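Enquirer: Here you go, this is start.cif (mmCIF, C-alpha atoms (C1' of nucleotides)).
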data_query
loop_
_atom_site.group_PDB
_atom_site.id
_atom_site.type_symbol
_atom_site.label_atom_id
_atom_site.label_comp_id
_atom_site.auth_asym_id
_atom_site.auth_seq_id
_atom_site.Cartn_x
_atom_site.Cartn_y
_atom_site.Cartn_z
ATOM 1 C CA MET A 1 137.942 -0.258 -177.692
ATOM 2 C CA THR A 2 139.946 -2.353 -180.079
ATOM 3 C CA ARG A 3 141.706 -5.383 -178.781
ATOM 4 C CA ILE A 4 144.522 -5.291 -181.267
ATOM 5 C CA THR A 5 148.042 -4.445 -180.200
ATOM 6 C CA ASN A 6 151.234 -4.426 -182.236
ATOM 7 C CA ARG A 7 154.977 -4.711 -181.748
ATOM 8 C CA ILE A 8 156.000 -2.585 -184.689
ATOM 9 C CA ARG A 9 158.245 -0.260 -182.735
ATOM 10 C CA ARG A 10 160.051 -3.092 -181.020
ATOM 11 C CA LEU A 11 160.462 -4.981 -184.284
ATOM 12 C CA ARG A 12 161.905 -1.926 -185.972
ATOM 13 C CA PHE A 13 164.688 -1.769 -183.431
ATOM 14 C CA ASP A 14 165.219 -5.505 -183.515
ATOM 15 C CA HIS A 15 165.789 -5.115 -187.232
ATOM 16 C CA SER A 16 168.872 -2.912 -187.142
ATOM 17 C CA GLU A 17 166.854 0.112 -186.083
ATOM 18 C CA MET A 18 164.885 0.348 -189.283
ATOM 19 C CA THR A 19 163.471 3.863 -189.518
ATOM 20 C CA GLN A 20 159.773 4.599 -189.803
ATOM 21 C CA GLU A 21 160.446 5.917 -193.284
ATOM 22 C CA GLU A 22 162.150 2.728 -194.410
ATOM 23 C CA LEU A 23 159.438 0.525 -192.959
ATOM 24 C CA ALA A 24 156.811 2.667 -194.648
ATOM 25 C CA GLN A 25 158.528 2.234 -198.003
ATOM 26 C CA ARG A 26 158.865 -1.502 -197.557
ATOM 27 C CA ALA A 27 155.242 -1.844 -196.502
ATOM 28 C CA GLY A 28 154.014 0.486 -199.210
ATOM 29 C CA CYS A 29 152.359 3.000 -196.925
ATOM 30 C CA THR A 30 153.175 6.452 -195.649
ATOM 31 C CA ARG A 31 155.326 7.328 -192.666
ATOM 32 C CA GLN A 32 152.265 8.899 -191.027
ATOM 33 C CA THR A 33 150.562 5.541 -191.073
ATOM 34 C CA ILE A 34 153.497 3.893 -189.303
ATOM 35 C CA ILE A 35 153.541 6.649 -186.687
ATOM 36 C CA ALA A 36 149.820 6.294 -186.055
ATOM 37 C CA LEU A 37 150.107 2.509 -185.809
ATOM 38 C CA GLU A 38 152.994 2.695 -183.329
ATOM 39 C CA GLN A 39 150.967 5.110 -181.252
ATOM 40 C CA GLY A 40 147.967 2.850 -181.299
ATOM 41 C CA LYS A 41 145.862 5.506 -182.986
ATOM 42 C CA TYR A 42 144.351 2.987 -185.314
ATOM 43 C CA VAL A 43 144.398 -0.593 -186.359
ATOM 44 C CA PRO A 44 145.663 -1.491 -189.817
ATOM 45 C CA SER A 45 143.743 -3.243 -192.543
ATOM 46 C CA ILE A 46 144.608 -6.902 -193.017
ATOM 47 C CA GLU A 47 146.415 -6.082 -196.205
ATOM 48 C CA LEU A 48 148.689 -3.542 -194.562
ATOM 49 C CA ALA A 49 149.207 -5.887 -191.609
ATOM 50 C CA PHE A 50 150.421 -8.592 -193.983
ATOM 51 C CA LYS A 51 152.736 -6.159 -195.759
ATOM 52 C CA ILE A 52 154.263 -5.006 -192.485
ATOM 53 C CA ALA A 53 154.807 -8.585 -191.374
ATOM 54 C CA LEU A 54 156.447 -9.271 -194.736
ATOM 55 C CA ALA A 55 158.674 -6.216 -194.319
ATOM 56 C CA PHE A 56 159.963 -7.751 -191.091
ATOM 57 C CA GLY A 57 160.005 -11.282 -192.430
ATOM 58 C CA VAL A 58 157.760 -12.580 -189.677
ATOM 59 C CA THR A 59 154.193 -13.827 -189.417
ATOM 60 C CA LEU A 60 151.261 -11.499 -188.956
ATOM 61 C CA GLU A 61 150.727 -12.831 -185.452
ATOM 62 C CA GLU A 62 154.261 -11.885 -184.483
ATOM 63 C CA VAL A 63 153.442 -8.272 -185.217
ATOM 64 C CA PHE A 64 149.776 -8.048 -184.274
ATOM 65 C CA GLN A 65 148.028 -9.652 -181.321
ATOM 66 C CA TYR A 66 144.385 -10.049 -180.558
ATOM 67 C CA GLU A 67 143.770 -9.596 -176.855
ATOM 68 C CA GLY A 68 140.774 -11.837 -176.637
ATOM 69 C CA MET B 1 142.452 -4.852 -206.270
ATOM 70 C CA THR B 2 142.983 -6.435 -202.915
ATOM 71 C CA ARG B 3 145.315 -9.362 -202.642
ATOM 72 C CA ILE B 4 143.537 -10.978 -199.743
ATOM 73 C CA THR B 5 141.682 -14.238 -200.161
ATOM 74 C CA ASN B 6 139.950 -16.364 -197.572
ATOM 75 C CA ARG B 7 138.895 -19.946 -197.010
ATOM 76 C CA ILE B 8 135.885 -19.221 -194.860
ATOM 77 C CA ARG B 9 133.421 -21.210 -196.918
ATOM 78 C CA ARG B 10 135.652 -24.246 -197.043
ATOM 79 C CA LEU B 11 136.385 -24.038 -193.334
ATOM 80 C CA ARG B 12 132.690 -23.846 -192.526
ATOM 81 C CA PHE B 13 132.097 -27.165 -194.220
ATOM 82 C CA ASP B 14 135.194 -28.703 -192.696
ATOM 83 C CA HIS B 15 133.711 -27.813 -189.336
ATOM 84 C CA SER B 16 130.584 -29.943 -189.461
ATOM 85 C CA GLU B 17 128.943 -27.639 -191.971
ATOM 86 C CA MET B 18 128.704 -24.702 -189.642
ATOM 87 C CA THR B 19 126.086 -22.323 -190.987
ATOM 88 C CA GLN B 20 126.797 -18.714 -191.863
ATOM 89 C CA GLU B 21 124.510 -17.736 -189.042
ATOM 90 C CA GLU B 22 126.397 -19.803 -186.484
ATOM 91 C CA LEU B 23 129.764 -18.531 -187.663
ATOM 92 C CA ALA B 24 128.465 -14.974 -187.498
ATOM 93 C CA GLN B 25 127.367 -15.484 -183.914
ATOM 94 C CA ARG B 26 130.669 -17.016 -182.910
ATOM 95 C CA ALA B 27 132.631 -14.260 -184.597
ATOM 96 C CA GLY B 28 130.377 -11.544 -183.251
ATOM 97 C CA CYS B 29 129.335 -10.127 -186.593
ATOM 98 C CA THR B 30 126.244 -10.278 -188.778
ATOM 99 C CA ARG B 31 125.374 -12.959 -191.278
ATOM 100 C CA GLN B 32 125.553 -10.347 -194.043
ATOM 101 C CA THR B 33 129.199 -9.806 -193.219
ATOM 102 C CA ILE B 34 129.953 -13.522 -193.549
ATOM 103 C CA ILE B 35 128.125 -13.666 -196.865
ATOM 104 C CA ALA B 36 130.024 -10.661 -198.209
ATOM 105 C CA LEU B 37 133.331 -12.096 -197.027
ATOM 106 C CA GLU B 38 132.676 -15.461 -198.664
ATOM 107 C CA GLN B 39 131.806 -13.672 -201.884
ATOM 108 C CA GLY B 40 134.965 -11.631 -201.738
ATOM 109 C CA LYS B 41 132.980 -8.404 -201.633
ATOM 110 C CA TYR B 42 135.207 -7.001 -198.995
ATOM 111 C CA VAL B 43 138.163 -7.724 -196.812
ATOM 112 C CA PRO B 44 137.665 -7.904 -193.051
ATOM 113 C CA SER B 45 139.317 -5.762 -190.441
ATOM 114 C CA ILE B 46 142.124 -7.437 -188.519
ATOM 115 C CA GLU B 47 139.898 -7.700 -185.490
ATOM 116 C CA LEU B 48 137.161 -9.563 -187.327
ATOM 117 C CA ALA B 49 139.757 -11.722 -189.066
ATOM 118 C CA PHE B 50 141.122 -12.781 -185.671
ATOM 119 C CA LYS B 51 137.634 -13.505 -184.378
ATOM 120 C CA ILE B 52 136.804 -15.667 -187.375
ATOM 121 C CA ALA B 53 140.053 -17.586 -186.995
ATOM 122 C CA LEU B 54 139.203 -18.082 -183.316
ATOM 123 C CA ALA B 55 135.735 -19.315 -184.241
ATOM 124 C CA PHE B 56 137.383 -22.039 -186.314
ATOM 125 C CA GLY B 57 140.184 -22.651 -183.846
ATOM 126 C CA VAL B 58 142.882 -21.981 -186.428
ATOM 127 C CA THR B 59 145.419 -19.253 -187.051
ATOM 128 C CA LEU B 60 144.588 -16.123 -189.000
ATOM 129 C CA GLU B 61 146.843 -17.252 -191.851
ATOM 130 C CA GLU B 62 144.870 -20.474 -192.192
ATOM 131 C CA VAL B 63 141.798 -18.421 -192.994
ATOM 132 C CA PHE B 64 143.241 -15.417 -194.810
ATOM 133 C CA GLN B 65 146.057 -15.355 -197.326
ATOM 134 C CA TYR B 66 147.991 -12.495 -198.760
ATOM 135 C CA GLU B 67 148.732 -13.107 -202.427
ATOM 136 C CA GLY B 68 151.962 -11.157 -202.558
ATOM 137 C "C1'" DG C 1 175.723 26.983 -183.462
ATOM 138 C "C1'" DC C 2 174.137 24.820 -187.619
ATOM 139 C "C1'" DA C 3 172.630 21.250 -190.717
ATOM 140 C "C1'" DT C 4 170.442 17.080 -191.259
ATOM 141 C "C1'" DA C 5 167.863 12.963 -189.962
ATOM 142 C "C1'" DA C 6 164.284 10.982 -187.328
ATOM 143 C "C1'" DT C 7 160.142 11.522 -185.076
ATOM 144 C "C1'" DG C 8 155.916 13.886 -183.951
ATOM 145 C "C1'" DT C 9 151.333 16.775 -184.574
ATOM 146 C "C1'" DA C 10 147.395 18.561 -187.176
ATOM 147 C "C1'" DA C 11 143.723 18.720 -190.517
ATOM 148 C "C1'" DA C 12 141.036 17.575 -194.579
ATOM 149 C "C1'" DG C 13 139.452 14.249 -197.821
ATOM 150 C "C1'" DT C 14 138.566 9.522 -199.865
ATOM 151 C "C1'" DA C 15 137.504 4.817 -199.504
ATOM 152 C "C1'" DT C 16 135.533 1.074 -197.315
ATOM 153 C "C1'" DG C 17 134.323 -2.201 -193.360
ATOM 154 C "C1'" DC C 18 130.274 -3.394 -191.090
ATOM 155 C "C1'" DA C 19 125.719 -3.024 -189.070
ATOM 156 C "C1'" DA C 20 120.919 -2.890 -189.775
ATOM 157 C "C1'" DT C 21 116.819 -3.765 -192.178
ATOM 158 C "C1'" DA C 22 114.072 -5.819 -195.538
ATOM 159 C "C1'" DC C 23 113.083 -8.898 -199.061
ATOM 160 C "C1'" DA C 24 114.057 -12.867 -202.502
ATOM 161 C "C1'" DT C 25 115.574 -17.521 -203.563
ATOM 162 C "C1'" DT C 26 116.939 -22.103 -203.010
ATOM 163 C "C1'" DA C 27 117.163 -26.523 -200.590
ATOM 164 C "C1'" DA C 28 115.382 -29.973 -197.460
ATOM 165 C "C1'" DT C 29 111.733 -32.239 -194.823
ATOM 166 C "C1'" DT C 30 107.267 -33.679 -193.900
ATOM 167 C "C1'" DA D 1 102.388 -28.567 -201.802
ATOM 168 C "C1'" DA D 2 103.615 -26.299 -197.730
ATOM 169 C "C1'" DT D 3 106.821 -25.145 -194.150
ATOM 170 C "C1'" DT D 4 111.185 -24.068 -192.542
ATOM 171 C "C1'" DA D 5 116.254 -23.452 -192.770
ATOM 172 C "C1'" DA D 6 119.981 -21.683 -195.311
ATOM 173 C "C1'" DT D 7 121.693 -18.603 -198.524
ATOM 174 C "C1'" DG D 8 121.596 -14.529 -201.418
ATOM 175 C "C1'" DT D 9 120.599 -9.376 -202.927
ATOM 176 C "C1'" DA D 10 119.985 -4.514 -202.066
ATOM 177 C "C1'" DT D 11 120.201 -0.130 -199.626
ATOM 178 C "C1'" DT D 12 121.286 3.234 -196.140
ATOM 179 C "C1'" DG D 13 124.306 5.048 -192.841
ATOM 180 C "C1'" DC D 14 128.125 5.454 -189.568
ATOM 181 C "C1'" DA D 15 132.832 4.736 -188.147
ATOM 182 C "C1'" DT D 16 137.399 4.582 -189.285
ATOM 183 C "C1'" DA D 17 141.694 3.277 -192.102
ATOM 184 C "C1'" DC D 18 144.779 5.667 -194.891
ATOM 185 C "C1'" DT D 19 146.633 9.356 -197.822
ATOM 186 C "C1'" DT D 20 148.254 13.870 -198.493
ATOM 187 C "C1'" DT D 21 150.268 18.087 -197.210
ATOM 188 C "C1'" DA D 22 152.423 21.007 -194.150
ATOM 189 C "C1'" DC D 23 154.671 22.247 -190.099
ATOM 190 C "C1'" DA D 24 156.991 21.355 -185.347
ATOM 191 C "C1'" DT D 25 160.222 18.990 -182.353
ATOM 192 C "C1'" DT D 26 164.004 16.302 -180.981
ATOM 193 C "C1'" DA D 27 168.457 14.101 -181.585
ATOM 194 C "C1'" DT D 28 173.097 13.684 -183.676
ATOM 195 C "C1'" DG D 29 177.229 15.122 -186.120
ATOM 196 C "C1'" DC D 30 180.336 18.522 -187.709
#
Would you give me this structure, written as structure tokens?

Expert:
Amino acid sequence: MTRITNRIRRLRFDHSEMTQEELAQRAGCTRQTIIALEQGKYVPSIELAFKIALAFGVTLEEVFQYEG
Amino acid sequence: MTRITNRIRRLRFDHSEMTQEELAQRAGCTRQTIIALEQGKYVPSIELAFKIALAFGVTLEEVFQYEG
DNA sequence: GCATAATGTAAAGTATGCAATACATTAATT
DNA sequence: AATTAATGTATTGCATACTTTACATTATGC
């Protein structure tokens, strides 16, 4: 019932097809976490959300959206 | 060891001294959660962070900062 | 066909966000 | 001084983010 969506998978491919592994390393989390996030299995903490946005060089809102 | 800070308390006073109770109601959480957040006792979920930003009418980054 | 890279699935354990409840303290007003 | 509003402290409990480890599947290239 969360209202948070993300564009991680799309952003990965927009960024020269960055692999899940590489994104995980850049964001300082495990590959499993990236997989789960892409599949919408859970919503990241704010800290991880910021790190992922940083890994892509975009703002948090460009990666994660709140569907009010 | 989290690197997340917030400006909730300042924003409350910038918004006609909104009380913790009123902010809690607008954000859909309890007053205890607002208190704990202001005291830096924990970091909110992304969902709550978005709701708080909405309550103030600002972006998430204007409320929460990642100290890289 | 085989090797390798990329992605996916599964399960167990730790840490913590947040609610809920109850009580204490500090203004501010009359 | 007494009342009320605002803020703070403390505790219990549940849900879930995230890690770790291990194994399975699906490309892609030689």

Enquirer: Report the Cα RMSD between chain B and chain A after least-squares superposition, pairing every C-alpha atom in order.

Expert: 0.0 Å

Enquirer: I need the output of the PyMOL selection byres ((chain C) within 10 of (chain A)) for this file as a list in words; which residues are they?

Expert: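 Output from the PyMOL selection byres ((chain C) within 10 of (chain A)), applied to this file: DA6, DT7, DG8 and DG17 of chain C.
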
Enquirer: How many Å separate CA of Gly68 in chain A from CA of Arg3 in chain A?

Expert: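 Answer for the CA of Gly68 in chain A to CA of Arg3 in chain A separation: 6.9 Å.
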
Enquirer: Find the residue from A:Phe13, A:Ile46, A:Ala24, A:Gln39 that sits nearest to Leu60 in chain B; use all atoms listed in the file when measuring.

Expert: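 Distance minimum relative to Leu60 in chain B lands on A:Ile46.
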
Enquirer: From the set B:Ile52, B:Thr2, B:Val58, B:Leu37, which residue has the shortest atom-to-atom contact distance to chain A, counting all atoms listed in the file?

Expert: B:Thr2

Enquirer: For the PyMOL selection byres ((chain D) within 12 of (chain B)), applied here, can you spell out every residue it catches as a CSV table (one decimal) with C-alpha atoms (C1' of nucleotides), in the coordinates of the input?

Expert:
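Saved file selection_6.csv follows:
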chain,number,residue,atom,x,y,z
D,5,DA,C1',116.3,-23.5,-192.8
D,6,DA,C1',120.0,-21.7,-195.3
D,7,DT,C1',121.7,-18.6,-198.5
D,8,DG,C1',121.6,-14.5,-201.4
D,9,DT,C1',120.6,-9.4,-202.9
D,10,DA,C1',120.0,-4.5,-202.1
D,16,DT,C1',137.4,4.6,-189.3
D,17,DA,C1',141.7,3.3,-192.1

Enquirer: Got a sec: who's within 10 Å of Gly28 in chain A, counting all atoms listed in the file, leaving out chain neighbours fewer than 4 positions off, as a list in words?

Expert: Glu22, Leu23, Ala24, Leu48, Lys51, Ile52 and Ala55 of chain A

Enquirer: CA of Cys29 in chain B to CA of Ala53 in chain B: how many Å, to one decimal?

Expert: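 So the two atoms, CA of Cys29 in chain B and CA of Ala53 in chain B, lie 13.1 Å apart.
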
Enquirer: Could you check the closest approach to chain B for each of A:Gly57, A:Glu47, A:Thr5, A:Leu11 and tell me which residue wins, using all atoms listed in the file?

Expert: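 Checking each of A:Gly57, A:Glu47, A:Thr5, A:Leu11 against chain B, counting all atoms listed in the file, the winner is A:Glu47.
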
Enquirer: For a quick check of understanding, using only C-alpha atoms, which of A:Met18, A:Arg9, A:Glu38, A:Ile4 has the smallest distance to chain B?

Expert: A:Ile4

Enquirer: So what do you get for CA of Thr30 in chain B versus CA of Glu17 in chain B, distance-wise?

Expert: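 The value is 17.9 Å.
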
Enquirer: Could you tell me which of A:Tyr66, A:Thr33, A:Arg7, A:Ser16 comes closest to chain B if we count all atoms listed in the file?

Expert: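 Ranked by minimum distance to chain B, first place goes to A:Tyr66.
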
Enquirer: Of the residues A:Gly40, A:Asp14, A:Thr59, A:Ile8, which is the one nearest to chain B, using only C-alpha atoms?

Expert: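 Checking each of A:Gly40, A:Asp14, A:Thr59, A:Ile8 against chain B, counting only C-alpha atoms, the winner is A:Thr59.
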
Enquirer: Residue by residue, what does the PyMOL selection byres ((chain C and resi 30) around 12) grab here? Present the result as a VMD selection string.

Expert: (chain C and resid 28 to 29) or (chain D and resid 1 to 4)

Enquirer: Any chance you could model all heavy atoms for range 47-58 of chain B and send them as a PDB file, in the coordinates of the input?

Expert:
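Below you can see part.pdb, which holds the result:
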ATOM      1  N   GLU B  47     140.621  -7.216-186.667  1.00  0.00           N
ATOM      2  CA  GLU B  47     139.898  -7.700-185.490  1.00  0.00           C
ATOM      3  C   GLU B  47     138.914  -8.806-185.875  1.00  0.00           C
ATOM      4  O   GLU B  47     138.896  -9.872-185.266  1.00  0.00           O
ATOM      5  CB  GLU B  47     139.167  -6.533-184.825  1.00  0.00           C
ATOM      6  CG  GLU B  47     138.538  -6.919-183.507  1.00  0.00           C
ATOM      7  CD  GLU B  47     138.362  -5.730-182.582  1.00  0.00           C
ATOM      8  OE1 GLU B  47     138.620  -4.582-183.021  1.00  0.00           O
ATOM      9  OE2 GLU B  47     137.986  -5.942-181.415  1.00  0.00           O
ATOM     10  N   LEU B  48     138.115  -8.548-186.902  1.00  0.00           N
ATOM     11  CA  LEU B  48     137.161  -9.563-187.327  1.00  0.00           C
ATOM     12  C   LEU B  48     137.888 -10.802-187.850  1.00  0.00           C
ATOM     13  O   LEU B  48     137.466 -11.934-187.591  1.00  0.00           O
ATOM     14  CB  LEU B  48     136.227  -8.994-188.403  1.00  0.00           C
ATOM     15  CG  LEU B  48     135.179  -9.969-188.921  1.00  0.00           C
ATOM     16  CD1 LEU B  48     134.339 -10.514-187.775  1.00  0.00           C
ATOM     17  CD2 LEU B  48     134.293  -9.288-189.955  1.00  0.00           C
ATOM     18  N   ALA B  49     138.991 -10.587-188.547  1.00  0.00           N
ATOM     19  CA  ALA B  49     139.757 -11.722-189.066  1.00  0.00           C
ATOM     20  C   ALA B  49     140.227 -12.613-187.914  1.00  0.00           C
ATOM     21  O   ALA B  49     140.128 -13.845-187.991  1.00  0.00           O
ATOM     22  CB  ALA B  49     140.960 -11.219-189.865  1.00  0.00           C
ATOM     23  N   PHE B  50     140.691 -12.014-186.839  1.00  0.00           N
ATOM     24  CA  PHE B  50     141.122 -12.781-185.671  1.00  0.00           C
ATOM     25  C   PHE B  50     139.944 -13.532-185.055  1.00  0.00           C
ATOM     26  O   PHE B  50     140.054 -14.694-184.664  1.00  0.00           O
ATOM     27  CB  PHE B  50     141.750 -11.853-184.619  1.00  0.00           C
ATOM     28  CG  PHE B  50     143.238 -11.681-184.757  1.00  0.00           C
ATOM     29  CD1 PHE B  50     143.793 -10.434-184.982  1.00  0.00           C
ATOM     30  CD2 PHE B  50     144.106 -12.771-184.632  1.00  0.00           C
ATOM     31  CE1 PHE B  50     145.171 -10.263-185.113  1.00  0.00           C
ATOM     32  CE2 PHE B  50     145.485 -12.609-184.750  1.00  0.00           C
ATOM     33  CZ  PHE B  50     146.020 -11.356-184.987  1.00  0.00           C
ATOM     34  N   LYS B  51     138.811 -12.873-184.975  1.00  0.00           N
ATOM     35  CA  LYS B  51     137.634 -13.505-184.378  1.00  0.00           C
ATOM     36  C   LYS B  51     137.171 -14.703-185.197  1.00  0.00           C
ATOM     37  O   LYS B  51     136.772 -15.725-184.647  1.00  0.00           O
ATOM     38  CB  LYS B  51     136.495 -12.484-184.252  1.00  0.00           C
ATOM     39  CG  LYS B  51     136.710 -11.450-183.164  1.00  0.00           C
ATOM     40  CD  LYS B  51     135.510 -10.515-183.136  1.00  0.00           C
ATOM     41  CE  LYS B  51     135.683  -9.370-182.152  1.00  0.00           C
ATOM     42  NZ  LYS B  51     134.610  -8.350-182.315  1.00  0.00           N
ATOM     43  N   ILE B  52     137.221 -14.567-186.513  1.00  0.00           N
ATOM     44  CA  ILE B  52     136.804 -15.667-187.375  1.00  0.00           C
ATOM     45  C   ILE B  52     137.770 -16.842-187.227  1.00  0.00           C
ATOM     46  O   ILE B  52     137.361 -17.999-187.127  1.00  0.00           O
ATOM     47  CB  ILE B  52     136.722 -15.200-188.842  1.00  0.00           C
ATOM     48  CG1 ILE B  52     135.537 -14.237-189.007  1.00  0.00           C
ATOM     49  CG2 ILE B  52     136.577 -16.396-189.776  1.00  0.00           C
ATOM     50  CD1 ILE B  52     135.447 -13.594-190.376  1.00  0.00           C
ATOM     51  N   ALA B  53     139.057 -16.527-187.182  1.00  0.00           N
ATOM     52  CA  ALA B  53     140.053 -17.586-186.995  1.00  0.00           C
ATOM     53  C   ALA B  53     139.800 -18.296-185.666  1.00  0.00           C
ATOM     54  O   ALA B  53     139.841 -19.532-185.582  1.00  0.00           O
ATOM     55  CB  ALA B  53     141.459 -16.997-187.035  1.00  0.00           C
ATOM     56  N   LEU B  54     139.500 -17.511-184.634  1.00  0.00           N
ATOM     57  CA  LEU B  54     139.203 -18.082-183.316  1.00  0.00           C
ATOM     58  C   LEU B  54     137.978 -18.978-183.378  1.00  0.00           C
ATOM     59  O   LEU B  54     137.947 -20.046-182.775  1.00  0.00           O
ATOM     60  CB  LEU B  54     138.965 -16.966-182.303  1.00  0.00           C
ATOM     61  CG  LEU B  54     140.156 -16.541-181.455  1.00  0.00           C
ATOM     62  CD1 LEU B  54     139.756 -15.417-180.508  1.00  0.00           C
ATOM     63  CD2 LEU B  54     140.705 -17.734-180.666  1.00  0.00           C
ATOM     64  N   ALA B  55     136.970 -18.542-184.121  1.00  0.00           N
ATOM     65  CA  ALA B  55     135.735 -19.315-184.241  1.00  0.00           C
ATOM     66  C   ALA B  55     136.012 -20.697-184.833  1.00  0.00           C
ATOM     67  O   ALA B  55     135.343 -21.670-184.513  1.00  0.00           O
ATOM     68  CB  ALA B  55     134.722 -18.561-185.102  1.00  0.00           C
ATOM     69  N   PHE B  56     137.017 -20.768-185.691  1.00  0.00           N
ATOM     70  CA  PHE B  56     137.383 -22.039-186.314  1.00  0.00           C
ATOM     71  C   PHE B  56     138.489 -22.753-185.535  1.00  0.00           C
ATOM     72  O   PHE B  56     138.796 -23.916-185.815  1.00  0.00           O
ATOM     73  CB  PHE B  56     137.851 -21.818-187.746  1.00  0.00           C
ATOM     74  CG  PHE B  56     136.762 -21.511-188.729  1.00  0.00           C
ATOM     75  CD1 PHE B  56     136.869 -20.437-189.595  1.00  0.00           C
ATOM     76  CD2 PHE B  56     135.610 -22.301-188.791  1.00  0.00           C
ATOM     77  CE1 PHE B  56     135.866 -20.157-190.512  1.00  0.00           C
ATOM     78  CE2 PHE B  56     134.603 -22.023-189.702  1.00  0.00           C
ATOM     79  CZ  PHE B  56     134.730 -20.946-190.561  1.00  0.00           C
ATOM     80  N   GLY B  57     139.089 -22.044-184.605  1.00  0.00           N
ATOM     81  CA  GLY B  57     140.184 -22.651-183.846  1.00  0.00           C
ATOM     82  C   GLY B  57     141.451 -22.821-184.661  1.00  0.00           C
ATOM     83  O   GLY B  57     142.223 -23.760-184.442  1.00  0.00           O
ATOM     84  N   VAL B  58     141.669 -21.922-185.600  1.00  0.00           N
ATOM     85  CA  VAL B  58     142.882 -21.981-186.428  1.00  0.00           C
ATOM     86  C   VAL B  58     143.568 -20.618-186.397  1.00  0.00           C
ATOM     87  O   VAL B  58     143.038 -19.661-185.824  1.00  0.00           O
ATOM     88  CB  VAL B  58     142.545 -22.366-187.881  1.00  0.00           C
ATOM     89  CG1 VAL B  58     141.869 -23.726-187.923  1.00  0.00           C
ATOM     90  CG2 VAL B  58     141.668 -21.311-188.531  1.00  0.00           C
TER      91      VAL B  58
END
